[in-house]
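Source file: target_21.cif. Holds: mmCIF, C-alpha atoms, pLDDT in the B column; chains and numbers go by the auth columns.
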```cif
data_structure
loop_
_atom_site.group_PDB
_atom_site.id
_atom_site.type_symbol
_atom_site.label_atom_id
_atom_site.label_comp_id
_atom_site.label_asym_id
_atom_site.label_seq_id
_atom_site.Cartn_x
_atom_site.Cartn_y
_atom_site.Cartn_z
_atom_site.B_iso_or_equiv
_atom_site.auth_seq_id
_atom_site.auth_asym_id
ATOM 1 C CA LYS A 1 12.066 -1.936 19.204 56.00 28 V
ATOM 2 C CA ARG A 2 8.785 -1.529 17.338 60.00 29 V
ATOM 3 C CA PHE A 3 6.348 0.515 19.376 64.00 30 V
ATOM 4 C CA VAL A 4 8.036 3.900 19.108 68.00 31 V
ATOM 5 C CA ALA A 5 6.514 7.331 19.671 71.00 32 V
ATOM 6 C CA PHE A 6 6.715 8.424 16.024 71.00 33 V
ATOM 7 C CA ASN A 7 4.370 5.615 14.881 78.00 34 V
ATOM 8 C CA GLY A 8 0.778 4.715 15.613 85.00 35 V
ATOM 9 C CA GLY A 9 -1.983 2.224 15.015 89.00 36 V
ATOM 10 C CA ILE A 10 -5.389 1.946 13.386 91.00 37 V
ATOM 11 C CA ASP A 11 -8.324 1.865 15.828 94.00 38 V
ATOM 12 C CA GLU A 12 -11.473 -0.281 15.545 96.00 39 V
ATOM 13 C CA PRO A 13 -13.718 2.384 13.942 97.00 40 V
ATOM 14 C CA GLN A 14 -11.071 2.940 11.232 97.00 41 V
ATOM 15 C CA LEU A 15 -10.686 -0.814 10.665 97.00 42 V
ATOM 16 C CA GLU A 16 -14.481 -1.132 10.323 98.00 43 V
ATOM 17 C CA TRP A 17 -14.495 1.801 7.893 97.00 44 V
ATOM 18 C CA LEU A 18 -11.717 0.160 5.853 98.00 45 V
ATOM 19 C CA ARG A 19 -13.546 -3.164 5.672 98.00 46 V
ATOM 20 C CA GLY A 20 -16.836 -1.473 4.696 98.00 47 V
ATOM 21 C CA THR A 21 -15.166 0.683 2.047 98.00 48 V
ATOM 22 C CA LEU A 22 -13.374 -2.325 0.538 98.00 49 V
ATOM 23 C CA GLU A 23 -16.617 -4.334 0.532 98.00 50 V
ATOM 24 C CA GLN A 24 -18.354 -1.521 -1.373 98.00 51 V
ATOM 25 C CA ALA A 25 -15.450 -1.292 -3.832 97.00 52 V
ATOM 26 C CA LYS A 26 -15.622 -5.075 -4.339 96.00 53 V
ATOM 27 C CA ASN A 27 -19.368 -4.892 -5.023 97.00 54 V
ATOM 28 C CA ASP A 28 -18.747 -2.040 -7.493 96.00 55 V
ATOM 29 C CA GLN A 29 -15.899 -3.999 -9.158 93.00 56 V
ATOM 30 C CA GLN A 30 -13.395 -1.233 -8.460 94.00 57 V
ATOM 31 C CA LYS A 31 -9.643 -1.463 -8.012 94.00 58 V
ATOM 32 C CA VAL A 32 -8.319 0.097 -4.806 97.00 59 V
ATOM 33 C CA ILE A 33 -4.934 1.554 -3.935 98.00 60 V
ATOM 34 C CA ILE A 34 -4.447 2.001 -0.202 98.00 61 V
ATOM 35 C CA LEU A 35 -2.565 5.161 0.803 96.00 62 V
ATOM 36 C CA SER A 36 -1.111 5.384 4.286 94.00 63 V
ATOM 37 C CA HIS A 37 1.624 7.377 5.894 88.00 64 V
ATOM 38 C CA GLN A 38 3.133 4.358 7.638 90.00 65 V
ATOM 39 C CA PRO A 39 4.084 1.095 5.910 92.00 66 V
ATOM 40 C CA ILE A 40 1.871 -1.949 6.480 91.00 67 V
ATOM 41 C CA LEU A 41 3.755 -5.046 5.311 91.00 68 V
ATOM 42 C CA PRO A 42 6.811 -6.332 7.199 92.00 69 V
ATOM 43 C CA GLY A 43 9.752 -6.454 4.823 88.00 70 V
ATOM 44 C CA SER A 44 8.600 -3.442 2.803 89.00 71 V
ATOM 45 C CA SER A 45 10.531 -1.165 5.176 85.00 72 V
ATOM 46 C CA SER A 46 12.292 -1.146 8.526 81.00 73 V
ATOM 47 C CA PRO A 47 10.201 -2.884 11.228 79.00 74 V
ATOM 48 C CA VAL A 48 10.410 0.238 13.401 80.00 75 V
ATOM 49 C CA CYS A 49 8.348 2.134 10.785 82.00 76 V
ATOM 50 C CA LEU A 50 5.359 -0.244 10.580 89.00 77 V
ATOM 51 C CA ILE A 51 1.826 0.529 11.743 91.00 78 V
ATOM 52 C CA TRP A 52 1.626 -0.918 15.255 90.00 79 V
ATOM 53 C CA ASN A 53 -1.270 -3.250 14.449 92.00 80 V
ATOM 54 C CA TYR A 54 -0.254 -3.977 10.867 92.00 81 V
ATOM 55 C CA ASP A 55 -1.444 -7.585 11.315 95.00 82 V
ATOM 56 C CA LYS A 56 -5.088 -6.471 11.678 96.00 83 V
ATOM 57 C CA VAL A 57 -4.808 -4.199 8.644 96.00 84 V
ATOM 58 C CA LEU A 58 -3.180 -6.990 6.615 97.00 85 V
ATOM 59 C CA ASP A 59 -5.963 -9.412 7.535 97.00 86 V
ATOM 60 C CA ILE A 60 -8.508 -7.023 6.031 98.00 87 V
ATOM 61 C CA LEU A 61 -6.452 -6.272 2.906 98.00 88 V
ATOM 62 C CA ARG A 62 -5.837 -9.976 2.292 97.00 89 V
ATOM 63 C CA GLU A 63 -9.571 -10.620 2.580 97.00 90 V
ATOM 64 C CA TYR A 64 -10.017 -8.207 -0.356 97.00 91 V
ATOM 65 C CA LYS A 65 -7.011 -9.271 -2.426 96.00 92 V
ATOM 66 C CA CYS A 66 -9.117 -9.258 -5.595 95.00 93 V
ATOM 67 C CA THR A 67 -9.958 -5.598 -4.965 96.00 94 V
ATOM 68 C CA VAL A 68 -6.738 -4.155 -3.487 97.00 95 V
ATOM 69 C CA ALA A 69 -4.110 -3.589 -6.157 97.00 96 V
ATOM 70 C CA ALA A 70 -1.459 -2.050 -3.930 98.00 97 V
ATOM 71 C CA ALA A 71 -0.712 -0.174 -0.731 97.00 98 V
ATOM 72 C CA PHE A 72 1.502 2.908 -0.993 96.00 99 V
ATOM 73 C CA ALA A 73 3.151 4.510 2.021 93.00 100 V
ATOM 74 C CA GLY A 74 5.832 6.959 3.068 84.00 101 V
ATOM 75 C CA HIS A 75 7.395 7.426 6.509 77.00 102 V
ATOM 76 C CA ALA A 76 10.458 5.230 5.811 73.00 103 V
ATOM 77 C CA HIS A 77 12.324 7.877 3.843 69.00 104 V
ATOM 78 C CA ARG A 78 14.613 5.614 1.841 76.00 105 V
ATOM 79 C CA GLY A 79 11.745 3.677 0.255 83.00 106 V
ATOM 80 C CA GLY A 80 11.087 -0.020 -0.058 89.00 107 V
ATOM 81 C CA TYR A 81 9.000 -2.678 -1.758 95.00 108 V
ATOM 82 C CA MET A 82 7.630 -6.117 -1.093 95.00 109 V
ATOM 83 C CA ARG A 83 4.850 -8.159 -2.627 97.00 110 V
ATOM 84 C CA ASP A 84 2.727 -10.012 -0.099 97.00 111 V
ATOM 85 C CA GLU A 85 3.169 -13.724 -0.780 96.00 112 V
ATOM 86 C CA SER A 86 -0.273 -14.732 0.466 94.00 113 V
ATOM 87 C CA SER A 87 -2.328 -12.110 -1.396 96.00 114 V
ATOM 88 C CA GLY A 88 -0.166 -10.799 -4.239 97.00 115 V
ATOM 89 C CA ILE A 89 -0.814 -7.208 -3.125 97.00 116 V
ATOM 90 C CA HIS A 90 2.061 -4.810 -3.815 97.00 117 V
ATOM 91 C CA PHE A 91 3.403 -2.793 -0.851 97.00 118 V
ATOM 92 C CA ARG A 92 5.522 0.169 -1.909 96.00 119 V
ATOM 93 C CA VAL A 93 7.140 2.756 0.341 93.00 120 V
ATOM 94 C CA PHE A 94 7.989 5.833 -1.699 92.00 121 V
ATOM 95 C CA GLU A 95 11.312 7.595 -1.364 88.00 122 V
ATOM 96 C CA ALA A 96 11.087 10.908 0.490 81.00 123 V
ATOM 97 C CA THR A 97 11.885 14.262 -1.040 77.00 124 V
ATOM 98 C CA LEU A 98 13.883 15.244 2.046 74.00 125 V
ATOM 99 C CA GLU A 99 16.403 12.479 1.283 68.00 126 V
ATOM 100 C CA SER A 100 17.139 14.022 -2.132 71.00 127 V
ATOM 101 C CA ASN A 101 20.260 15.926 -3.030 72.00 128 V
ATOM 102 C CA ASP A 102 19.926 19.451 -4.438 76.00 129 V
ATOM 103 C CA PRO A 103 18.190 20.288 -6.634 75.00 130 V
ATOM 104 C CA ILE A 104 15.363 18.459 -4.894 70.00 131 V
ATOM 105 C CA LYS A 105 13.139 16.744 -7.437 82.00 132 V
ATOM 106 C CA THR A 106 12.043 13.414 -6.028 85.00 133 V
ATOM 107 C CA TYR A 107 8.482 12.553 -6.995 88.00 134 V
ATOM 108 C CA GLY A 108 6.579 10.070 -9.073 91.00 135 V
ATOM 109 C CA PHE A 109 3.475 9.444 -11.107 95.00 136 V
ATOM 110 C CA VAL A 110 1.353 6.298 -10.901 96.00 137 V
ATOM 111 C CA ASP A 111 -0.363 5.199 -14.093 97.00 138 V
ATOM 112 C CA VAL A 112 -3.229 2.779 -13.474 95.00 139 V
ATOM 113 C CA HIS A 113 -3.975 0.237 -16.205 95.00 140 V
ATOM 114 C CA ASP A 114 -6.298 -2.774 -16.323 92.00 141 V
ATOM 115 C CA ASP A 115 -3.400 -5.205 -15.908 94.00 142 V
ATOM 116 C CA CYS A 116 -0.692 -3.213 -14.096 96.00 143 V
ATOM 117 C CA LEU A 117 0.395 -0.132 -12.176 97.00 144 V
ATOM 118 C CA ILE A 118 3.328 1.830 -13.547 97.00 145 V
ATOM 119 C CA VAL A 119 5.333 4.146 -11.306 96.00 146 V
ATOM 120 C CA ARG A 120 7.243 6.767 -13.274 96.00 147 V
ATOM 121 C CA GLY A 121 9.805 8.037 -10.817 92.00 148 V
ATOM 122 C CA GLU A 122 11.842 11.225 -10.919 89.00 149 V
ATOM 123 C CA GLY A 123 14.947 11.971 -8.896 86.00 150 V
ATOM 124 C CA GLU A 124 15.375 9.396 -6.118 86.00 151 V
ATOM 125 C CA CYS A 125 11.930 7.850 -6.743 89.00 152 V
ATOM 126 C CA THR A 126 12.430 4.425 -8.322 92.00 153 V
ATOM 127 C CA SER A 127 10.344 3.605 -11.405 96.00 154 V
ATOM 128 C CA ALA A 128 8.568 0.242 -11.418 97.00 155 V
ATOM 129 C CA LYS A 129 5.843 -1.832 -13.045 98.00 156 V
ATOM 130 C CA TYR A 130 3.526 -3.895 -10.853 97.00 157 V
ATOM 131 C CA SER A 131 1.406 -6.646 -12.384 96.00 158 V
ATOM 132 C CA LEU A 132 -2.184 -6.954 -11.218 96.00 159 V
ATOM 133 C CA ASP A 133 -2.274 -10.682 -11.906 95.00 160 V
ATOM 134 C CA HIS A 134 -3.490 -11.334 -8.330 95.00 161 V
ATOM 135 C CA MET A 135 -6.780 -9.547 -8.988 90.00 162 V
ATOM 136 C CA GLU A 136 -9.602 -11.710 -10.274 70.00 163 V
ATOM 137 C CA ILE A 137 -12.589 -9.806 -11.534 56.00 164 V
ATOM 138 C CA SER A 138 -15.812 -11.573 -10.617 47.00 165 V
ATOM 139 C CA LEU A 139 -19.087 -10.317 -12.002 42.00 166 V
ATOM 140 C CA VAL A 140 -21.728 -9.330 -9.472 44.00 167 V
ATOM 141 C CA HIS A 141 -25.205 -10.440 -10.526 35.00 168 V
#
```
Starting from the file, give its structure as structure tokens.
Amino acid sequence: KRFVAFNGGIDEPQLEWLRGTLEQAKNDQQKVIILSHQPILPGSSSPVCLIWNYDKVLDILREYKCTVAAAFAGHAHRGGYMRDESSGIHFRVFEATLESNDPIKTYGFVDVHDDCLIVRGEGECTSAKYSLDHMEISLVH
């Protein structure tokens, strides 16, 4: 059961906006971290939690694999992680505060470096280091 009432999808205007924004970021040689409430990559969380049309979103992100460093989401309260085999993009679902025992102190910081992302987790948030070896910087002339 995947298409449940507590999820949703991304419509065409939003997909066009995403593609245009990633194209601009690529032209400006910027790194991008996608933030979404719902997880995007199958395997990064329970299938019931995924964006309904995750395949369309993934197609766009994979097209910009040299620009997209990672995609961070919530929604699946227990967290999760998977690296996309075809693009190298990191897909992390952060652990939810409401799953924490008292005293509640689940949160994290993300440090962005040229070659990696470092998550410094507190409480139930798992710390991690994600290599950006999938991102090739090409100079725009």
- Item | Nearest residue to Ala155 in chain V from the set V:Cys76, V:Val137, V:Cys93, V:Leu68 (distances using only C-alpha atoms) | V:Val137
- Task: For the file shown, report as a ChimeraX atom specification the outcome of the PyMOL selection byres ((chain V and resi 116) around 10) at residue level.
- Result: /V:60,68,88-89,91-98,109-115,117-119,157-162
Keeping C-alpha atoms for every residue in the selection just given, could you write it to a file as a PDB file, in the coordinates of the input?
```pdb
ATOM      1  CA  ILE V  60      -4.934   1.554  -3.935  1.00 98.00           C
ATOM      2  CA  LEU V  68       3.755  -5.046   5.311  1.00 91.00           C
ATOM      3  CA  LEU V  88      -6.452  -6.272   2.906  1.00 98.00           C
ATOM      4  CA  ARG V  89      -5.837  -9.976   2.292  1.00 97.00           C
ATOM      5  CA  TYR V  91     -10.017  -8.207  -0.356  1.00 97.00           C
ATOM      6  CA  LYS V  92      -7.011  -9.271  -2.426  1.00 96.00           C
ATOM      7  CA  CYS V  93      -9.117  -9.258  -5.595  1.00 95.00           C
ATOM      8  CA  THR V  94      -9.958  -5.598  -4.965  1.00 96.00           C
ATOM      9  CA  VAL V  95      -6.738  -4.155  -3.487  1.00 97.00           C
ATOM     10  CA  ALA V  96      -4.110  -3.589  -6.157  1.00 97.00           C
ATOM     11  CA  ALA V  97      -1.459  -2.050  -3.930  1.00 98.00           C
ATOM     12  CA  ALA V  98      -0.712  -0.174  -0.731  1.00 97.00           C
ATOM     13  CA  MET V 109       7.630  -6.117  -1.093  1.00 95.00           C
ATOM     14  CA  ARG V 110       4.850  -8.159  -2.627  1.00 97.00           C
ATOM     15  CA  ASP V 111       2.727 -10.012  -0.099  1.00 97.00           C
ATOM     16  CA  GLU V 112       3.169 -13.724  -0.780  1.00 96.00           C
ATOM     17  CA  SER V 113      -0.273 -14.732   0.466  1.00 94.00           C
ATOM     18  CA  SER V 114      -2.328 -12.110  -1.396  1.00 96.00           C
ATOM     19  CA  GLY V 115      -0.166 -10.799  -4.239  1.00 97.00           C
ATOM     20  CA  HIS V 117       2.061  -4.810  -3.815  1.00 97.00           C
ATOM     21  CA  PHE V 118       3.403  -2.793  -0.851  1.00 97.00           C
ATOM     22  CA  ARG V 119       5.522   0.169  -1.909  1.00 96.00           C
ATOM     23  CA  TYR V 157       3.526  -3.895 -10.853  1.00 97.00           C
ATOM     24  CA  SER V 158       1.406  -6.646 -12.384  1.00 96.00           C
ATOM     25  CA  LEU V 159      -2.184  -6.954 -11.218  1.00 96.00           C
ATOM     26  CA  ASP V 160      -2.274 -10.682 -11.906  1.00 95.00           C
ATOM     27  CA  HIS V 161      -3.490 -11.334  -8.330  1.00 95.00           C
ATOM     28  CA  MET V 162      -6.780  -9.547  -8.988  1.00 90.00           C
TER      29      MET V 162
END
```
- Computed interatomic separation between CA of Asn34 in chain V and CA of Phe99 in chain V (Å):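 These atoms are spaced 16.4 Å apart.
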- Task: Rank V:Ser63, V:Ser154, V:Ser73, V:Asn54 by their smallest atom-to-atom distance to Gly135 in chain V, using only C-alpha atoms, and report the top residue only.
- Result: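 Nearest to Gly135 in chain V: V:Ser154.
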- Item | Ground truth for the PyMOL selection byres ((chain V and resi 40-49) around 8), written as a list of chain:residue names |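 Given this file, the PyMOL selection byres ((chain V and resi 40-49) around 8) evaluates to V:Ile37, V:Asp38, V:Glu39, V:Glu50, V:Gln51, V:Ala52, V:Lys53, V:Val59, V:Val84, V:Ile87, V:Tyr91, V:Thr94, V:Val95.
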- Task: To one decimal in Å, tell me the separation between CA of Ala103 in chain V and CA of His64 in chain V.
- Result: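 Between CA of Ala103 in chain V and CA of His64 in chain V the gap works out to 9.1 Å.
For the residues V:Leu62, V:Cys152, V:Val139, V:Ile145, ranking by smallest atom-to-atom distance to Leu125 in chain V using all atoms listed in the file places V:Cys152 first.
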- Task: Report as number ranges by chain the full result of the PyMOL selection byres ((chain V and resi 121) around 7) when it is applied to this structure.
- Result: V: 100-101, 106-107, 119-120, 122-123, 152
Coordinates of box centre and edge lengths for range 90-102 of chain V, 6 Å on every side, axis-aligned, as AutoDock Vina command-line options:
```
--center_x -1.3 --center_y -1.6 --center_z 0.2 --size_x 29.4 --size_y 30.0 --size_z 24.7
```
- Quick one: everything within 8 Å of Gly36 in chain V, counting all atoms listed in the file, minus sequence neighbours fewer than 4 positions away in the same chain. Send it as a VMD selection string. chain V and resid 78 to 81
- Task: Could you please determine the separation between CA of Asp142 in chain V and CA of Thr124 in chain V in Å, to one decimal place?
- Result: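 So the two atoms, CA of Asp142 in chain V and CA of Thr124 in chain V, lie 28.9 Å apart.
The shortest atom-to-atom distance to Leu77 in chain V, with only C-alpha atoms taken into account, belongs to V:His102 out of V:Val146, V:Tyr108, V:Glu151, V:His102.
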- Item | Residue nearest Cys143 in chain V among V:Lys156, V:Gln56, V:Pro69, V:Arg105 (counting all atoms listed in the file) |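 Selected residue with least distance to Cys143 in chain V: V:Lys156.
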- Looking at V:Lys58, V:Gln65, V:Lys132, V:Ser127, which one is nearest to Leu144 in chain V, with distances taken over all atoms listed in the file?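 Under the stated criterion, the closest residue is V:Lys58.
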